[in-house]
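A quick write-up on the structure given underneath.
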Amino acid sequence: MPQTSADLKTEQGSPYRWWLIAMLWFVCFCNYADRQAIFSIFPLLRTDLHLTDLQLGVVGSSFMWMYALAGPLAGWLSDRVSPRNVILGALAFWSVVTGATALCHSFGSMVLFRTLGGLGEAFYFPAAMALIGMYHSASTRSRAMALHQSGVYAGTIGGGALSALIAQDHGWRSSFFLFGAAGVVLMVILAVALRRPQQKNAPSHESQADFFSGVRNVLASGRVLTLIGVFIGANFVAVVFLTWLPTYLYTKFHLSLANAGFSATAYLQMASVTGVLLGGMLADRFAAKLTGGRQLIQAAGLFLGVPFLFLTGWSLSMAGLIVGMIGFGFFKGMYDANIFASLYDVIPVERRGVAAGTMNSLGWLGGGFAPILIAKAAGRYGLGVCMSATSLIYLCLGVVLLLLVRGMRKQAATAADQTA
C-alpha cells in the first residue's frame with residue numbers, strides 16, 4: 001500500500017531516522033575502508049607483483065571507472081527497488097570481492113577484482129541517499145547527510161591505516177581477508193536491523209520511464225549540470241590525495257608503511273569530520289534563510305581550502321604538510337557535507353536516486369583519471385608540485401558555485417516580482 005503524506009511526516013519525525021543514519025554510517029565506513037585499503041600498500045604491490053607506477057595508477061582507476069559506469073544504473077534501480085535491499089546486496093557483493101582480492105597474483109587479476117569492487121560499491125550511495133531522503137525532510141537533510149558523510153572519512157582512515165599496519169606485519173593479503181569478512185558480518189546484522197520502508201508515493205507514469213530517459217531528464221537541468229561539474233573537479237582533487245599521498249609520504253619523508261598509511265589519511269580525514277558536521281549545520285541554517293544557502297557554504301569551503309591545498313605539496317617539512325592536510329581536510333568537509341543535499345534542492349523527489357547515481361558516476365569518471373594523470377605528470381614535475389597545482393582547481397570551482405548562487409537568486413527575485 002502506498003505511503004501517505006501523514007505516514008511520511010511520522011517517519012521524518014521518528015527517532016528511527018537517526019538510528020538509520022547510525023546504521024548506514026557503518027556501511028559507509030566499510031565502503032570507503034575497502035576502497036582505500038589498497039592505496040596504502042602500493043609500495044608492497046609494486047615489489048610483490050612487479051608493477052610500475054603507471055600500472056598502479058591503472059589499478060586505482062579501474063575501480064573508479066567501473067564505479068562511474070555503474071552509477072546511473074545504480075541510481076535508477078534505487079528509485080524502483082527497495083533501497084534497503086540494494087544496500088544489503090551491494091554490501092554482500094563488494095565484501096566478498098574485497099576478500100577475494102587477497103588471491104590476486106598478477107596485474108590482470110588485480111585490475112579485475114578492483115573493477116568488480118567498483119561495480120558493487122557503486123550501488124551503495126544512490127540507495128543510501130534515497131533511503132535517507134525518505135526519513136529526513138529539508139529541515140534536517142544536510143545534518144543527516146553530513147553525519148553519514150563522516151563515515152567516508154572514518155572509513156578512509158580505517159582502510160588506509162589498518163591495511164598498512166596489517167600488511168607491514170602479516171602481508172598485504174591479510175588486510176583484504178579481514179575487511180571482506182567484516183563486511184559480510186555487518187550485512188547479516190543489518191538484514192535484521194534495517195526496516196523495510198514503503199515507497200513514498202505510488203509509481204507515476206513518469207517514474208516508470210526507461211533508464212536512459214531518466215538520465216536525460218536529470219541532465220536537462222543547467223543547475224544539476226553545474227553541480228555535477230563542480231563535483232567532478234572536487235572529486236579529481238580528492239582522488240589525487242587518496243591515491244598518491246601515502247606513497248608520497250613513504251618516499252619523500254621516509255615514513256614506515258604503517259606511519260605513511262596513517263598520516264596520509266588521519267590528519268586530513270579527521271579534520272574533514274569536523275568540517276562536514278559544521279558544513280551540514282551551517283547549510284541547514286543558511287538554506288532556510290537564503291536562496292542558494294547550501295551552495296554558498298560549498299563555495300566557502302572550496303575557496304578557504306585553496307591555500308592549504310597549495311601547502312600540502314609545497315611544504316618541505318612534515319609539520320607544514322600536516323598543517324596543510326588539516327586545513328584542506330576541514331574545508332573539504334564543508335563542501336562535501338552538501339554534495340547531495342544541494343543536488344536535492346534542484347531535483348524532483350522521484351528522480352533523486354537516478355540524479356545521485358548520475359552525479360556519483362560522472363564525478364568518479366572524472367576522478368578516475370587522477371591516478372594515471374598524476375602518475376605521468378609526477379615523473380616530469382614531481383608529485384609535490386602536482387598536488388600543489390590542484391589548488392587552482394578548487395579556486396575555479398569556487399567561482400563557478402558563486403555564479404550558480406547568483407543565478408538562483410536572480411531567478412528567485414524574478415519569480416517573487418511576478419507573484420507580487
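Chain lettering (A, B, ...) mirrors the order of the C-alpha cells, residue numbering begins at 1 for each chain separately, and ligand numbering begins at 1 in order of display.
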Quick one: residues within 12 Å of range 163-178 of chain A, only C-alpha atoms counted, chain neighbours fewer than 4 positions away excluded, as a PDB file with N, CA and C atoms, in the first residue's frame?
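Output saved as out_9.pdb:
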ATOM      1  N   CYS A  30      32.636   0.873   5.821  1.00  0.00           N
ATOM      2  CA  CYS A  30      33.162  -0.279   5.076  1.00  0.00           C
ATOM      3  C   CYS A  30      33.352   0.067   3.599  1.00  0.00           C
ATOM      4  N   ALA A  33      36.557   2.128   3.519  1.00  0.00           N
ATOM      5  CA  ALA A  33      37.721   1.382   4.010  1.00  0.00           C
ATOM      6  C   ALA A  33      38.180   0.373   2.975  1.00  0.00           C
ATOM      7  N   ASP A  34      37.225  -0.299   2.341  1.00  0.00           N
ATOM      8  CA  ASP A  34      37.569  -1.319   1.354  1.00  0.00           C
ATOM      9  C   ASP A  34      38.225  -0.719   0.117  1.00  0.00           C
ATOM     10  N   ARG A  35      37.783   0.476  -0.288  1.00  0.00           N
ATOM     11  CA  ARG A  35      38.384   1.076  -1.492  1.00  0.00           C
ATOM     12  C   ARG A  35      39.720   1.753  -1.195  1.00  0.00           C
ATOM     13  N   GLN A  36      39.904   2.250   0.044  1.00  0.00           N
ATOM     14  CA  GLN A  36      41.134   2.952   0.389  1.00  0.00           C
ATOM     15  C   GLN A  36      42.264   2.005   0.755  1.00  0.00           C
ATOM     16  N   ALA A  37      41.933   0.798   1.186  1.00  0.00           N
ATOM     17  CA  ALA A  37      42.938  -0.126   1.720  1.00  0.00           C
ATOM     18  C   ALA A  37      44.101  -0.355   0.758  1.00  0.00           C
ATOM     19  N   ILE A  38      43.824  -0.375  -0.529  1.00  0.00           N
ATOM     20  CA  ILE A  38      44.856  -0.740  -1.495  1.00  0.00           C
ATOM     21  C   ILE A  38      45.915   0.336  -1.671  1.00  0.00           C
ATOM     22  N   PHE A  39      45.536   1.619  -1.486  1.00  0.00           N
ATOM     23  CA  PHE A  39      46.475   2.697  -1.779  1.00  0.00           C
ATOM     24  C   PHE A  39      47.643   2.754  -0.797  1.00  0.00           C
ATOM     25  N   SER A  40      47.396   2.356   0.435  1.00  0.00           N
ATOM     26  CA  SER A  40      48.470   2.378   1.435  1.00  0.00           C
ATOM     27  C   SER A  40      49.497   1.272   1.222  1.00  0.00           C
ATOM     28  N   ILE A  41      49.158   0.279   0.401  1.00  0.00           N
ATOM     29  CA  ILE A  41      50.094  -0.831   0.192  1.00  0.00           C
ATOM     30  C   ILE A  41      50.671  -0.820  -1.226  1.00  0.00           C
ATOM     31  N   PHE A  42      50.545   0.304  -1.925  1.00  0.00           N
ATOM     32  CA  PHE A  42      51.138   0.409  -3.258  1.00  0.00           C
ATOM     33  C   PHE A  42      52.624   0.028  -3.276  1.00  0.00           C
ATOM     34  N   PRO A  43      53.427   0.468  -2.289  1.00  0.00           N
ATOM     35  CA  PRO A  43      54.849   0.073  -2.315  1.00  0.00           C
ATOM     36  C   PRO A  43      55.055  -1.441  -2.281  1.00  0.00           C
ATOM     37  N   LEU A  44      54.190  -2.160  -1.541  1.00  0.00           N
ATOM     38  CA  LEU A  44      54.313  -3.618  -1.475  1.00  0.00           C
ATOM     39  C   LEU A  44      53.844  -4.268  -2.775  1.00  0.00           C
ATOM     40  N   LEU A  45      52.773  -3.742  -3.355  1.00  0.00           N
ATOM     41  CA  LEU A  45      52.293  -4.285  -4.627  1.00  0.00           C
ATOM     42  C   LEU A  45      53.314  -4.068  -5.734  1.00  0.00           C
ATOM     43  N   ARG A  46      53.968  -2.919  -5.698  1.00  0.00           N
ATOM     44  CA  ARG A  46      54.992  -2.629  -6.707  1.00  0.00           C
ATOM     45  C   ARG A  46      56.092  -3.696  -6.673  1.00  0.00           C
ATOM     46  N   THR A  47      56.459  -4.123  -5.473  1.00  0.00           N
ATOM     47  CA  THR A  47      57.519  -5.121  -5.326  1.00  0.00           C
ATOM     48  C   THR A  47      57.006  -6.541  -5.558  1.00  0.00           C
ATOM     49  N   ASP A  48      55.893  -6.879  -4.911  1.00  0.00           N
ATOM     50  CA  ASP A  48      55.396  -8.253  -4.946  1.00  0.00           C
ATOM     51  C   ASP A  48      54.868  -8.657  -6.319  1.00  0.00           C
ATOM     52  N   LEU A  49      54.130  -7.749  -6.965  1.00  0.00           N
ATOM     53  CA  LEU A  49      53.545  -8.060  -8.264  1.00  0.00           C
ATOM     54  C   LEU A  49      54.328  -7.460  -9.428  1.00  0.00           C
ATOM     55  N   TRP A  94      30.351  -6.525  -2.592  1.00  0.00           N
ATOM     56  CA  TRP A  94      31.688  -5.925  -2.573  1.00  0.00           C
ATOM     57  C   TRP A  94      32.549  -6.478  -1.440  1.00  0.00           C
ATOM     58  N   SER A  95      31.929  -6.947  -0.360  1.00  0.00           N
ATOM     59  CA  SER A  95      32.713  -7.544   0.735  1.00  0.00           C
ATOM     60  C   SER A  95      33.354  -8.853   0.293  1.00  0.00           C
ATOM     61  N   VAL A  96      32.600  -9.679  -0.431  1.00  0.00           N
ATOM     62  CA  VAL A  96      33.156 -10.926  -0.955  1.00  0.00           C
ATOM     63  C   VAL A  96      34.284 -10.637  -1.944  1.00  0.00           C
ATOM     64  N   VAL A  97      34.080  -9.648  -2.811  1.00  0.00           N
ATOM     65  CA  VAL A  97      35.112  -9.281  -3.782  1.00  0.00           C
ATOM     66  C   VAL A  97      36.361  -8.764  -3.075  1.00  0.00           C
ATOM     67  N   THR A  98      36.174  -7.979  -2.021  1.00  0.00           N
ATOM     68  CA  THR A  98      37.324  -7.468  -1.261  1.00  0.00           C
ATOM     69  C   THR A  98      38.132  -8.617  -0.675  1.00  0.00           C
ATOM     70  N   GLY A  99      37.449  -9.574  -0.078  1.00  0.00           N
ATOM     71  CA  GLY A  99      38.160 -10.727   0.461  1.00  0.00           C
ATOM     72  C   GLY A  99      38.879 -11.509  -0.611  1.00  0.00           C
ATOM     73  N   ALA A 100      38.261 -11.635  -1.778  1.00  0.00           N
ATOM     74  CA  ALA A 100      38.862 -12.400  -2.874  1.00  0.00           C
ATOM     75  C   ALA A 100      40.061 -11.690  -3.490  1.00  0.00           C
ATOM     76  N   THR A 101      40.187 -10.368  -3.273  1.00  0.00           N
ATOM     77  CA  THR A 101      41.336  -9.626  -3.796  1.00  0.00           C
ATOM     78  C   THR A 101      42.652 -10.172  -3.244  1.00  0.00           C
ATOM     79  N   ALA A 102      42.580 -10.765  -2.069  1.00  0.00           N
ATOM     80  CA  ALA A 102      43.780 -11.348  -1.470  1.00  0.00           C
ATOM     81  C   ALA A 102      44.340 -12.494  -2.307  1.00  0.00           C
ATOM     82  N   LEU A 103      43.559 -13.033  -3.229  1.00  0.00           N
ATOM     83  CA  LEU A 103      44.009 -14.158  -4.052  1.00  0.00           C
ATOM     84  C   LEU A 103      44.725 -13.711  -5.321  1.00  0.00           C
ATOM     85  N   CYS A 104      44.820 -12.402  -5.556  1.00  0.00           N
ATOM     86  CA  CYS A 104      45.427 -11.891  -6.792  1.00  0.00           C
ATOM     87  C   CYS A 104      46.936 -12.140  -6.815  1.00  0.00           C
ATOM     88  N   HIS A 105      47.438 -12.529  -7.998  1.00  0.00           N
ATOM     89  CA  HIS A 105      48.873 -12.760  -8.155  1.00  0.00           C
ATOM     90  C   HIS A 105      49.432 -12.100  -9.418  1.00  0.00           C
ATOM     91  N   MET A 110      44.422  -8.290 -10.454  1.00  0.00           N
ATOM     92  CA  MET A 110      44.191  -7.165  -9.554  1.00  0.00           C
ATOM     93  C   MET A 110      43.233  -6.158 -10.185  1.00  0.00           C
ATOM     94  N   PHE A 113      39.586  -7.658 -10.048  1.00  0.00           N
ATOM     95  CA  PHE A 113      38.902  -7.611  -8.764  1.00  0.00           C
ATOM     96  C   PHE A 113      38.625  -6.185  -8.311  1.00  0.00           C
ATOM     97  N   ARG A 114      39.495  -5.255  -8.673  1.00  0.00           N
ATOM     98  CA  ARG A 114      39.215  -3.859  -8.360  1.00  0.00           C
ATOM     99  C   ARG A 114      38.029  -3.360  -9.173  1.00  0.00           C
ATOM    100  N   GLY A 117      34.968  -4.689  -7.546  1.00  0.00           N
ATOM    101  CA  GLY A 117      34.723  -3.929  -6.323  1.00  0.00           C
ATOM    102  C   GLY A 117      34.022  -2.612  -6.627  1.00  0.00           C
ATOM    103  N   GLY A 155      36.110   5.802   7.413  1.00  0.00           N
ATOM    104  CA  GLY A 155      36.450   4.613   6.634  1.00  0.00           C
ATOM    105  C   GLY A 155      37.749   4.776   5.883  1.00  0.00           C
ATOM    106  N   THR A 156      37.996   5.975   5.380  1.00  0.00           N
ATOM    107  CA  THR A 156      39.259   6.234   4.685  1.00  0.00           C
ATOM    108  C   THR A 156      40.439   6.085   5.631  1.00  0.00           C
ATOM    109  N   ILE A 157      40.290   6.614   6.839  1.00  0.00           N
ATOM    110  CA  ILE A 157      41.351   6.453   7.842  1.00  0.00           C
ATOM    111  C   ILE A 157      41.527   4.979   8.192  1.00  0.00           C
ATOM    112  N   GLY A 158      40.408   4.313   8.475  1.00  0.00           N
ATOM    113  CA  GLY A 158      40.477   2.904   8.867  1.00  0.00           C
ATOM    114  C   GLY A 158      41.085   2.046   7.784  1.00  0.00           C
ATOM    115  N   GLY A 159      40.648   2.245   6.538  1.00  0.00           N
ATOM    116  CA  GLY A 159      41.193   1.452   5.445  1.00  0.00           C
ATOM    117  C   GLY A 159      42.655   1.727   5.193  1.00  0.00           C
ATOM    118  N   ALA A 182      34.610  -8.611   7.629  1.00  0.00           N
ATOM    119  CA  ALA A 182      33.879  -7.627   8.434  1.00  0.00           C
ATOM    120  C   ALA A 182      32.630  -7.146   7.700  1.00  0.00           C
ATOM    121  N   GLY A 183      32.726  -6.960   6.397  1.00  0.00           N
ATOM    122  CA  GLY A 183      31.576  -6.515   5.624  1.00  0.00           C
ATOM    123  C   GLY A 183      30.460  -7.543   5.593  1.00  0.00           C
ATOM    124  N   VAL A 184      30.821  -8.815   5.478  1.00  0.00           N
ATOM    125  CA  VAL A 184      29.806  -9.871   5.460  1.00  0.00           C
ATOM    126  C   VAL A 184      29.080  -9.945   6.809  1.00  0.00           C
ATOM    127  N   VAL A 185      29.810  -9.823   7.898  1.00  0.00           N
ATOM    128  CA  VAL A 185      29.196  -9.836   9.235  1.00  0.00           C
ATOM    129  C   VAL A 185      28.235  -8.659   9.381  1.00  0.00           C
ATOM    130  N   PRO A 246      49.753   8.512   0.424  1.00  0.00           N
ATOM    131  CA  PRO A 246      50.533   7.523   1.194  1.00  0.00           C
ATOM    132  C   PRO A 246      51.899   7.236   0.570  1.00  0.00           C
ATOM    133  N   THR A 247      51.950   7.088  -0.747  1.00  0.00           N
ATOM    134  CA  THR A 247      53.226   6.840  -1.426  1.00  0.00           C
ATOM    135  C   THR A 247      54.142   8.045  -1.318  1.00  0.00           C
ATOM    136  N   TYR A 250      55.704   8.032   2.051  1.00  0.00           N
ATOM    137  CA  TYR A 250      56.616   6.883   2.158  1.00  0.00           C
ATOM    138  C   TYR A 250      57.944   7.169   1.459  1.00  0.00           C
ATOM    139  N   LEU A 255      58.745   7.687   5.786  1.00  0.00           N
ATOM    140  CA  LEU A 255      57.981   7.092   6.871  1.00  0.00           C
ATOM    141  C   LEU A 255      57.846   5.592   6.628  1.00  0.00           C
ATOM    142  N   SER A 256      57.584   4.850   7.708  1.00  0.00           N
ATOM    143  CA  SER A 256      57.313   3.426   7.545  1.00  0.00           C
ATOM    144  C   SER A 256      55.979   3.265   6.815  1.00  0.00           C
ATOM    145  N   LEU A 257      55.721   2.079   6.319  1.00  0.00           N
ATOM    146  CA  LEU A 257      54.480   1.838   5.589  1.00  0.00           C
ATOM    147  C   LEU A 257      53.264   2.140   6.466  1.00  0.00           C
ATOM    148  N   ALA A 258      53.298   1.692   7.719  1.00  0.00           N
ATOM    149  CA  ALA A 258      52.174   1.921   8.632  1.00  0.00           C
ATOM    150  C   ALA A 258      52.002   3.399   8.939  1.00  0.00           C
ATOM    151  N   ASN A 259      53.104   4.093   9.217  1.00  0.00           N
ATOM    152  CA  ASN A 259      53.024   5.526   9.521  1.00  0.00           C
ATOM    153  C   ASN A 259      52.566   6.337   8.324  1.00  0.00           C
ATOM    154  N   ALA A 260      53.020   5.955   7.148  1.00  0.00           N
ATOM    155  CA  ALA A 260      52.599   6.663   5.937  1.00  0.00           C
ATOM    156  C   ALA A 260      51.109   6.466   5.688  1.00  0.00           C
ATOM    157  N   GLY A 261      50.618   5.237   5.855  1.00  0.00           N
ATOM    158  CA  GLY A 261      49.206   4.960   5.667  1.00  0.00           C
ATOM    159  C   GLY A 261      48.328   5.712   6.657  1.00  0.00           C
ATOM    160  N   PHE A 262      48.808   5.796   7.906  1.00  0.00           N
ATOM    161  CA  PHE A 262      48.052   6.518   8.927  1.00  0.00           C
ATOM    162  C   PHE A 262      48.103   8.028   8.689  1.00  0.00           C
ATOM    163  N   SER A 263      49.293   8.568   8.485  1.00  0.00           N
ATOM    164  CA  SER A 263      49.449  10.014   8.355  1.00  0.00           C
ATOM    165  C   SER A 263      48.755  10.560   7.113  1.00  0.00           C
ATOM    166  N   ALA A 264      48.742   9.769   6.039  1.00  0.00           N
ATOM    167  CA  ALA A 264      48.136  10.227   4.791  1.00  0.00           C
ATOM    168  C   ALA A 264      46.617  10.321   4.891  1.00  0.00           C
ATOM    169  N   THR A 265      46.033   9.654   5.863  1.00  0.00           N
ATOM    170  CA  THR A 265      44.574   9.651   5.984  1.00  0.00           C
ATOM    171  C   THR A 265      44.075  10.311   7.258  1.00  0.00           C
TER     172      THR A 265
END
Can you tell me which residues surround Gly363 in chain A at a distance of at most 9 Å, considering only C-alpha atoms, apart from same-chain residues fewer than 4 positions away, and format the answer as a ChimeraX atom specification? /A:68,228-236,358-359,367-368
Here CA of Leu20 in chain A and CA of Arg84 in chain A stand apart by 10.7 Å
Enumerate, as an NGL selection string, the complete set of residues in range 49-293 of chain A that a backbone-based DSSP assignment places in alpha helix (DSSP H). :A and (53-78 or 83-100 or 107-121 or 124-135 or 141-170 or 172-193 or 211-219 or 222-252 or 257-289 or 293)
All residues 9 Å or closer to Gly279 in chain A, only C-alpha atoms, same chain fewer than 5 positions away omitted, as a VMD selection string: chain A and resid 142 to 143 146 274 284 294 297 to 298 301 331 333 to 338
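Nearest residue to Asn85 in chain A among A:Val111, A:Tyr124, A:Leu119, A:Leu309 is A:Tyr124, counting only C-alpha atoms.
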Write out as a PyMOL selection string the residues lying within 8 Å of Leu365 in chain A, counting only C-alpha atoms and excluding same-chain residues fewer than 3 positions away. chain A and resi 64-65+67-69+232+361-362+368-369
